[in-house]
file model-v6.csv (CSV, N, CA and C atoms)
chain,number,residue,atom,x,y,z
K,1,MET,N,-8.8,15.0,9.3
K,1,MET,CA,-7.9,13.9,9.4
K,1,MET,C,-8.7,12.5,9.3
K,2,ARG,N,-8.1,11.7,8.4
K,2,ARG,CA,-8.7,10.4,8.2
K,2,ARG,C,-8.0,9.3,9.1
K,3,LEU,N,-8.7,8.3,9.5
K,3,LEU,CA,-8.1,7.3,10.2
K,3,LEU,C,-7.7,6.2,9.3
K,4,HIS,N,-6.4,6.2,9.0
K,4,HIS,CA,-5.9,5.2,8.0
K,4,HIS,C,-6.1,3.8,8.4
K,5,HIS,N,-6.1,3.5,9.7
K,5,HIS,CA,-6.3,2.2,10.2
K,5,HIS,C,-7.6,1.6,9.7
K,6,ASP,N,-8.6,2.4,9.5
K,6,ASP,CA,-9.9,2.0,9.0
K,6,ASP,C,-10.0,1.6,7.5
K,7,LEU,N,-9.0,2.0,6.8
K,7,LEU,CA,-9.0,1.8,5.3
K,7,LEU,C,-8.5,0.4,5.0
K,8,ARG,N,-9.3,-0.3,4.3
K,8,ARG,CA,-9.0,-1.7,3.9
K,8,ARG,C,-7.7,-1.8,3.1
K,9,VAL,N,-7.4,-0.8,2.3
K,9,VAL,CA,-6.2,-0.8,1.5
K,9,VAL,C,-5.0,-0.7,2.4
K,10,TRP,N,-5.1,0.1,3.5
K,10,TRP,CA,-4.0,0.2,4.4
K,10,TRP,C,-3.8,-1.2,5.2
K,11,GLN,N,-4.9,-1.8,5.6
K,11,GLN,CA,-4.8,-3.1,6.3
K,11,GLN,C,-4.2,-4.1,5.4
K,12,ASP,N,-4.6,-4.1,4.1
K,12,ASP,CA,-4.1,-5.1,3.1
K,12,ASP,C,-2.6,-4.8,2.9
K,13,ALA,N,-2.2,-3.6,2.8
K,13,ALA,CA,-0.8,-3.2,2.6
K,13,ALA,C,0.0,-3.6,3.7
K,14,MET,N,-0.5,-3.5,5.0
K,14,MET,CA,0.3,-4.0,6.1
K,14,MET,C,0.5,-5.5,6.1
K,15,ALA,N,-0.6,-6.2,5.7
K,15,ALA,CA,-0.5,-7.7,5.5
K,15,ALA,C,0.6,-8.0,4.5
K,16,LEU,N,0.7,-7.2,3.4
K,16,LEU,CA,1.7,-7.4,2.4
K,16,LEU,C,3.1,-7.2,3.0
K,17,VAL,N,3.2,-6.2,3.8
K,17,VAL,CA,4.5,-5.9,4.4
K,17,VAL,C,5.0,-7.2,5.2
K,18,ARG,N,4.1,-7.7,6.0
K,18,ARG,CA,4.4,-8.9,6.7
K,18,ARG,C,4.8,-10.1,5.8
K,19,ARG,N,4.1,-10.2,4.7
K,19,ARG,CA,4.4,-11.3,3.7
K,19,ARG,C,5.8,-11.1,3.1
K,20,VAL,N,6.1,-9.8,2.7
K,20,VAL,CA,7.3,-9.5,2.1
K,20,VAL,C,8.5,-9.8,3.1
K,21,TYR,N,8.3,-9.4,4.3
K,21,TYR,CA,9.4,-9.7,5.3
K,21,TYR,C,9.6,-11.2,5.5
K,22,ASP,N,8.5,-11.9,5.5
K,22,ASP,CA,8.6,-13.4,5.6
K,22,ASP,C,9.3,-14.0,4.4
K,23,PHE,N,8.8,-13.6,3.2
K,23,PHE,CA,9.4,-14.0,2.0
K,23,PHE,C,10.9,-13.7,1.8
K,24,SER,N,11.2,-12.5,2.1
K,24,SER,CA,12.6,-12.0,1.9
K,24,SER,C,13.5,-12.6,2.9
K,25,SER,N,13.0,-13.1,4.1
K,25,SER,CA,13.9,-13.6,5.1
K,25,SER,C,14.5,-14.9,4.6
K,26,ARG,N,14.0,-15.5,3.5
K,26,ARG,CA,14.5,-16.8,3.0
K,26,ARG,C,15.6,-16.5,2.0
K,27,PHE,N,15.9,-15.3,1.6
K,27,PHE,CA,16.9,-15.0,0.6
K,27,PHE,C,18.3,-15.2,1.2
K,28,PRO,N,19.3,-15.5,0.4
K,28,PRO,CA,20.6,-15.7,0.9
K,28,PRO,C,21.1,-14.4,1.6
K,29,SER,N,22.0,-14.7,2.6
K,29,SER,CA,22.5,-13.6,3.5
K,29,SER,C,23.2,-12.5,2.7
K,30,GLU,N,23.8,-12.8,1.6
K,30,GLU,CA,24.5,-11.8,0.8
K,30,GLU,C,23.5,-10.8,0.1
K,31,GLU,N,22.2,-11.1,0.2
K,31,GLU,CA,21.2,-10.2,-0.4
K,31,GLU,C,20.6,-9.3,0.7
K,32,LYS,N,21.1,-9.3,1.9
K,32,LYS,CA,20.6,-8.5,3.0
K,32,LYS,C,20.5,-7.0,2.6
K,33,PHE,N,21.6,-6.5,2.0
K,33,PHE,CA,21.6,-5.1,1.6
K,33,PHE,C,21.2,-4.8,0.2
K,34,GLY,N,20.8,-5.9,-0.5
K,34,GLY,CA,20.4,-5.7,-1.9
K,34,GLY,C,19.0,-5.9,-2.1
K,35,LEU,N,18.6,-7.0,-2.7
K,35,LEU,CA,17.2,-7.3,-3.0
K,35,LEU,C,16.3,-7.3,-1.8
K,36,THR,N,16.8,-7.9,-0.7
K,36,THR,CA,16.0,-8.0,0.5
K,36,THR,C,15.6,-6.6,1.0
K,37,ALA,N,16.6,-5.7,1.1
K,37,ALA,CA,16.3,-4.3,1.6
K,37,ALA,C,15.4,-3.6,0.6
K,38,GLN,N,15.6,-3.7,-0.7
K,38,GLN,CA,14.8,-3.0,-1.7
K,38,GLN,C,13.3,-3.5,-1.6
K,39,MET,N,13.1,-4.7,-1.5
K,39,MET,CA,11.7,-5.3,-1.4
K,39,MET,C,11.0,-4.8,-0.2
K,40,ARG,N,11.8,-4.8,0.9
K,40,ARG,CA,11.2,-4.4,2.2
K,40,ARG,C,10.8,-2.9,2.2
K,41,ARG,N,11.7,-2.0,1.6
K,41,ARG,CA,11.5,-0.6,1.6
K,41,ARG,C,10.3,-0.3,0.7
K,42,CYS,N,10.2,-1.0,-0.4
K,42,CYS,CA,9.0,-0.8,-1.3
K,42,CYS,C,7.7,-1.2,-0.6
K,43,ALA,N,7.7,-2.3,0.1
K,43,ALA,CA,6.5,-2.8,0.7
K,43,ALA,C,6.1,-1.8,1.8
K,44,VAL,N,7.0,-1.4,2.6
K,44,VAL,CA,6.8,-0.5,3.7
K,44,VAL,C,6.3,0.9,3.2
K,45,SER,N,6.7,1.3,2.1
K,45,SER,CA,6.4,2.6,1.5
K,45,SER,C,4.9,2.7,1.2
K,46,ILE,N,4.2,1.6,0.9
K,46,ILE,CA,2.8,1.6,0.5
K,46,ILE,C,1.9,2.0,1.7
K,47,PRO,N,1.9,1.3,2.8
K,47,PRO,CA,1.1,1.7,3.9
K,47,PRO,C,1.6,3.0,4.6
K,48,SER,N,2.9,3.3,4.5
K,48,SER,CA,3.4,4.5,5.1
K,48,SER,C,2.9,5.7,4.4
K,49,ASN,N,2.8,5.7,3.0
K,49,ASN,CA,2.3,6.8,2.3
K,49,ASN,C,0.8,7.0,2.4
K,50,ILE,N,0.1,5.9,2.6
K,50,ILE,CA,-1.3,5.9,2.8
K,50,ILE,C,-1.6,6.6,4.2
K,51,ALA,N,-0.8,6.3,5.2
K,51,ALA,CA,-1.0,6.9,6.5
K,51,ALA,C,-0.6,8.3,6.5
K,52,GLU,N,0.5,8.7,5.8
K,52,GLU,CA,0.9,10.1,5.7
K,52,GLU,C,-0.1,10.9,5.0
K,53,GLY,N,-0.7,10.4,3.9
K,53,GLY,CA,-1.7,11.1,3.2
K,53,GLY,C,-3.0,11.3,4.0
K,54,ALA,N,-3.4,10.3,4.7
K,54,ALA,CA,-4.6,10.3,5.5
K,54,ALA,C,-4.5,11.4,6.6
K,55,ALA,N,-3.3,11.7,7.0
K,55,ALA,CA,-3.1,12.7,8.1
K,55,ALA,C,-3.2,14.1,7.5
K,56,ARG,N,-3.2,14.3,6.2
K,56,ARG,CA,-3.2,15.6,5.6
K,56,ARG,C,-4.6,16.1,5.6
K,57,SER,N,-4.7,17.4,5.4
K,57,SER,CA,-6.0,18.1,5.6
K,57,SER,C,-6.9,18.2,4.4
K,58,SER,N,-6.3,17.9,3.2
K,58,SER,CA,-7.2,18.1,2.0
K,58,SER,C,-7.2,16.8,1.2
K,59,ARG,N,-8.2,16.6,0.4
K,59,ARG,CA,-8.3,15.5,-0.6
K,59,ARG,C,-7.1,15.5,-1.5
K,60,LYS,N,-6.7,16.7,-2.0
K,60,LYS,CA,-5.6,16.9,-2.9
K,60,LYS,C,-4.3,16.3,-2.4
K,61,GLU,N,-4.0,16.7,-1.1
K,61,GLU,CA,-2.8,16.1,-0.5
K,61,GLU,C,-2.9,14.6,-0.3
K,62,PHE,N,-4.1,14.2,0.2
K,62,PHE,CA,-4.3,12.7,0.3
K,62,PHE,C,-4.1,12.0,-1.0
K,63,ALA,N,-4.6,12.5,-2.1
K,63,ALA,CA,-4.5,11.9,-3.4
K,63,ALA,C,-3.0,11.9,-3.8
K,64,HIS,N,-2.2,12.9,-3.5
K,64,HIS,CA,-0.8,13.0,-3.8
K,64,HIS,C,-0.1,11.8,-3.1
K,65,TYR,N,-0.3,11.6,-1.9
K,65,TYR,CA,0.3,10.5,-1.2
K,65,TYR,C,-0.2,9.1,-1.6
K,66,LEU,N,-1.4,9.0,-2.1
K,66,LEU,CA,-1.9,7.7,-2.6
K,66,LEU,C,-1.2,7.5,-3.9
K,67,THR,N,-0.9,8.5,-4.7
K,67,THR,CA,-0.2,8.3,-6.0
K,67,THR,C,1.2,7.8,-5.7
K,68,ILE,N,1.9,8.3,-4.6
K,68,ILE,CA,3.2,7.9,-4.3
K,68,ILE,C,3.1,6.4,-3.8
K,69,ALA,N,2.1,6.0,-3.0
K,69,ALA,CA,2.0,4.6,-2.6
K,69,ALA,C,1.8,3.7,-3.8
K,70,ARG,N,1.0,4.2,-4.8
K,70,ARG,CA,0.7,3.4,-6.0
K,70,ARG,C,2.0,3.2,-6.8
K,71,GLY,N,2.9,4.1,-6.7
K,71,GLY,CA,4.2,4.0,-7.4
K,71,GLY,C,5.2,3.1,-6.8
K,72,SER,N,4.9,2.6,-5.6
K,72,SER,CA,5.8,1.7,-4.9
K,72,SER,C,5.7,0.3,-5.4
K,73,GLN,N,6.4,0.0,-6.4
K,73,GLN,CA,6.3,-1.3,-7.1
K,73,GLN,C,7.4,-2.3,-6.6
K,74,LEU,N,6.9,-3.5,-6.2
K,74,LEU,CA,7.8,-4.5,-5.7
K,74,LEU,C,8.5,-5.1,-6.9
K,75,ARG,N,9.8,-5.2,-6.9
K,75,ARG,CA,10.6,-5.9,-7.9
K,75,ARG,C,11.1,-7.1,-7.3
K,76,ILE,N,10.6,-8.2,-7.8
K,76,ILE,CA,10.9,-9.5,-7.2
K,76,ILE,C,11.6,-10.4,-8.2
K,77,ALA,N,12.8,-10.9,-7.9
K,77,ALA,CA,13.6,-11.8,-8.8
K,77,ALA,C,12.9,-13.1,-8.9
K,78,HIS,N,12.8,-13.6,-10.1
K,78,HIS,CA,12.3,-14.9,-10.4
K,78,HIS,C,13.6,-15.7,-10.7
K,79,ASP,N,14.4,-15.9,-9.7
K,79,ASP,CA,15.7,-16.6,-9.9
K,79,ASP,C,15.5,-17.9,-9.1
K,80,PRO,N,16.1,-19.0,-9.7
K,80,PRO,CA,16.0,-20.3,-9.0
K,80,PRO,C,16.6,-20.3,-7.6
K,81,GLY,N,17.5,-19.3,-7.3
K,81,GLY,CA,18.1,-19.3,-6.0
K,81,GLY,C,17.2,-18.7,-4.9
K,82,PHE,N,16.1,-18.1,-5.4
K,82,PHE,CA,15.1,-17.5,-4.5
K,82,PHE,C,13.8,-18.3,-4.4
K,83,ALA,N,13.0,-18.0,-3.4
K,83,ALA,CA,11.7,-18.7,-3.3
K,83,ALA,C,10.8,-18.2,-4.5
K,84,ASP,N,9.8,-19.0,-4.8
K,84,ASP,CA,8.8,-18.7,-5.8
K,84,ASP,C,8.0,-17.4,-5.4
K,85,ALA,N,8.0,-16.4,-6.2
K,85,ALA,CA,7.4,-15.1,-5.8
K,85,ALA,C,6.0,-14.9,-6.4
K,86,SER,N,5.5,-15.9,-7.1
K,86,SER,CA,4.2,-15.7,-7.8
K,86,SER,C,3.1,-15.4,-6.9
K,87,GLU,N,3.0,-16.0,-5.7
K,87,GLU,CA,1.9,-15.7,-4.8
K,87,GLU,C,2.1,-14.3,-4.2
K,88,LEU,N,3.3,-13.9,-4.0
K,88,LEU,CA,3.5,-12.6,-3.4
K,88,LEU,C,3.1,-11.5,-4.5
K,89,ILE,N,3.5,-11.7,-5.7
K,89,ILE,CA,3.2,-10.8,-6.8
K,89,ILE,C,1.7,-10.7,-7.0
K,90,GLY,N,1.0,-11.9,-6.9
K,90,GLY,CA,-0.5,-11.9,-7.0
K,90,GLY,C,-1.1,-11.1,-5.8
K,91,ALA,N,-0.5,-11.1,-4.7
K,91,ALA,CA,-1.0,-10.3,-3.5
K,91,ALA,C,-1.0,-8.8,-3.7
K,92,THR,N,-0.1,-8.3,-4.6
K,92,THR,CA,0.0,-6.9,-4.8
K,92,THR,C,-1.1,-6.4,-5.7
K,93,GLU,N,-1.6,-7.2,-6.6
K,93,GLU,CA,-2.6,-6.7,-7.5
K,93,GLU,C,-3.9,-6.1,-6.9
K,94,PRO,N,-4.5,-6.8,-5.9
K,94,PRO,CA,-5.7,-6.3,-5.3
K,94,PRO,C,-5.4,-5.0,-4.5
K,95,ILE,N,-4.2,-4.9,-3.9
K,95,ILE,CA,-3.8,-3.6,-3.2
K,95,ILE,C,-3.8,-2.5,-4.2
K,96,PHE,N,-3.1,-2.7,-5.3
K,96,PHE,CA,-3.0,-1.6,-6.3
K,96,PHE,C,-4.4,-1.2,-6.9
K,97,ALA,N,-5.3,-2.2,-7.0
K,97,ALA,CA,-6.7,-1.9,-7.5
K,97,ALA,C,-7.4,-1.1,-6.4
K,98,LEU,N,-7.3,-1.4,-5.1
K,98,LEU,CA,-7.9,-0.6,-4.1
K,98,LEU,C,-7.3,0.8,-4.0
K,99,LEU,N,-6.0,0.9,-4.2
K,99,LEU,CA,-5.4,2.2,-4.3
K,99,LEU,C,-5.9,3.1,-5.4
K,100,ALA,N,-6.1,2.4,-6.6
K,100,ALA,CA,-6.6,3.2,-7.7
K,100,ALA,C,-8.1,3.7,-7.4
K,101,GLY,N,-8.9,2.8,-6.8
K,101,GLY,CA,-10.2,3.2,-6.5
K,101,GLY,C,-10.3,4.3,-5.4
K,102,LEU,N,-9.4,4.2,-4.4
K,102,LEU,CA,-9.4,5.3,-3.4
K,102,LEU,C,-8.9,6.6,-4.0
K,103,LEU,N,-7.9,6.5,-4.8
K,103,LEU,CA,-7.3,7.7,-5.5
K,103,LEU,C,-8.4,8.4,-6.3
K,104,LYS,N,-9.2,7.6,-7.1
K,104,LYS,CA,-10.2,8.1,-7.9
K,104,LYS,C,-11.3,8.8,-7.0
K,105,SER,N,-11.6,8.2,-5.9
K,105,SER,CA,-12.6,8.8,-5.0
K,105,SER,C,-12.1,10.2,-4.5
K,106,GLN,N,-10.8,10.4,-4.4
K,106,GLN,CA,-10.3,11.6,-3.9
K,106,GLN,C,-10.1,12.7,-4.9
K,107,THR,N,-10.0,12.3,-6.2
K,107,THR,CA,-9.8,13.2,-7.3
K,107,THR,C,-11.0,13.5,-8.1
K,108,ASP,N,-12.1,12.7,-8.0
K,108,ASP,CA,-13.3,12.8,-8.8
K,108,ASP,C,-14.1,14.0,-8.2
K,109,PRO,N,-14.3,15.1,-9.0
K,109,PRO,CA,-15.0,16.2,-8.5
K,109,PRO,C,-16.5,15.9,-8.1
K,110,SER,N,-17.1,15.0,-8.7
K,110,SER,CA,-18.5,14.6,-8.4
K,110,SER,C,-18.6,14.0,-7.0
K,111,ARG,N,-17.5,13.5,-6.5
K,111,ARG,CA,-17.5,12.9,-5.2
K,111,ARG,C,-17.0,13.8,-4.1
K,112,ALA,N,-16.6,15.0,-4.4
K,112,ALA,CA,-16.0,15.9,-3.4
K,112,ALA,C,-16.9,16.2,-2.2
K,113,ALA,N,-18.2,16.2,-2.4
K,113,ALA,CA,-19.1,16.5,-1.3
K,113,ALA,C,-19.4,15.3,-0.5
K,114,GLN,N,-19.0,14.1,-0.9
K,114,GLN,CA,-19.3,12.9,-0.2
K,114,GLN,C,-18.3,12.8,1.0
K,115,PRO,N,-18.7,12.1,2.1
K,115,PRO,CA,-17.9,12.0,3.3
K,115,PRO,C,-16.6,11.1,2.9
K,116,ARG,N,-15.6,11.4,3.7
K,116,ARG,CA,-14.4,10.6,3.5
K,116,ARG,C,-14.6,9.2,4.1
K,117,PRO,N,-13.8,8.2,3.6
K,117,PRO,CA,-14.1,6.8,4.0
K,117,PRO,C,-14.4,6.5,5.4
K,118,ASN,N,-13.6,7.0,6.4
K,118,ASN,CA,-13.8,6.7,7.8
K,118,ASN,C,-14.9,7.6,8.4
K,119,GLU,N,-15.2,8.7,7.8
K,119,GLU,CA,-16.3,9.5,8.3
K,119,GLU,C,-17.6,8.8,8.1
K,120,ALA,N,-17.8,8.1,6.9
K,120,ALA,CA,-19.0,7.4,6.7
K,120,ALA,C,-19.1,6.2,7.6
K,121,ALA,N,-18.0,5.6,8.0
K,121,ALA,CA,-18.0,4.5,8.9
K,121,ALA,C,-18.4,4.9,10.3
K,122,LYS,N,-18.3,6.2,10.7
K,122,LYS,CA,-18.6,6.6,12.0
K,122,LYS,C,-20.1,7.0,12.2
K,123,ARG,N,-20.8,7.1,11.1
K,123,ARG,CA,-22.2,7.5,11.1
K,123,ARG,C,-23.0,6.4,11.8
K,124,PRO,N,-24.0,6.8,12.6
K,124,PRO,CA,-24.8,5.8,13.3
K,124,PRO,C,-25.7,5.2,12.3
K,125,THR,N,-26.0,3.9,12.4
K,125,THR,CA,-26.9,3.2,11.5
K,125,THR,C,-28.3,3.1,12.0

call {"tool": "encode", "arguments": {"input": "model-v6.csv", "output": "structure tokens"}}
result
Amino acid sequence: MRLHHDLRVWQDAMALVRRVYDFSSRFPSEEKFGLTAQMRRCAVSIPSNIAEGAARSSRKEFAHYLTIARGSQLRIAHDPGFADASELIGATEPIFALLAGLLKSQTDPSRAAQPRPNEAAKRPT
């Protein structure tokens, strides 16, 4: 079992969730069950799937959940009635880059013998 709390990508994804909730709280009330809900579900899906995969027993299962997390794309309206989303969109790019790297580390056969991310962090220096 991996400790997802130790993964930078999970921490960054949680920060993105907070930003999405703040951002979407400024949407018109008629969007509560539309764009607001969709954006929030997508944002929450990223750290949730990272955590779910980290709890699995194999690299293959972990990689499967990382793939699901990577597929959680935020769709943000660039509509004059909504706040400017460019900063929020920019915040997603590093998270998806980290996800890609973590996914590669789980699926690359040459790295199979290496310790998992939080196992390496537990080693004494």

call {"tool": "residues_around", "arguments": {"input": "model-v6.csv", "residues": "Val9 (chain K)", "least_positions_apart": "4", "cutoff": "8 Å", "atoms": "only C-alpha atoms", "output": "ChimeraX atom specification"}}
result
/K:13,95,98-99

call {"tool": "atom_distance", "arguments": {"input": "model-v6.csv", "atom1": "atom C of Ser45 (chain K)", "atom2": "CA of Arg70 (chain K)"}}
result
8.4 Å

call {"tool": "atom_distance", "arguments": {"input": "model-v6.csv", "atom1": "atom N of Ile46 (chain K)", "atom2": "CA of Ser110 (chain K)"}}
result
27.8 Å

call {"tool": "atom_distance", "arguments": {"input": "model-v6.csv", "atom1": "atom N of Ala91 (chain K)", "atom2": "CA of Leu16 (chain K)"}}
result
8.3 Å
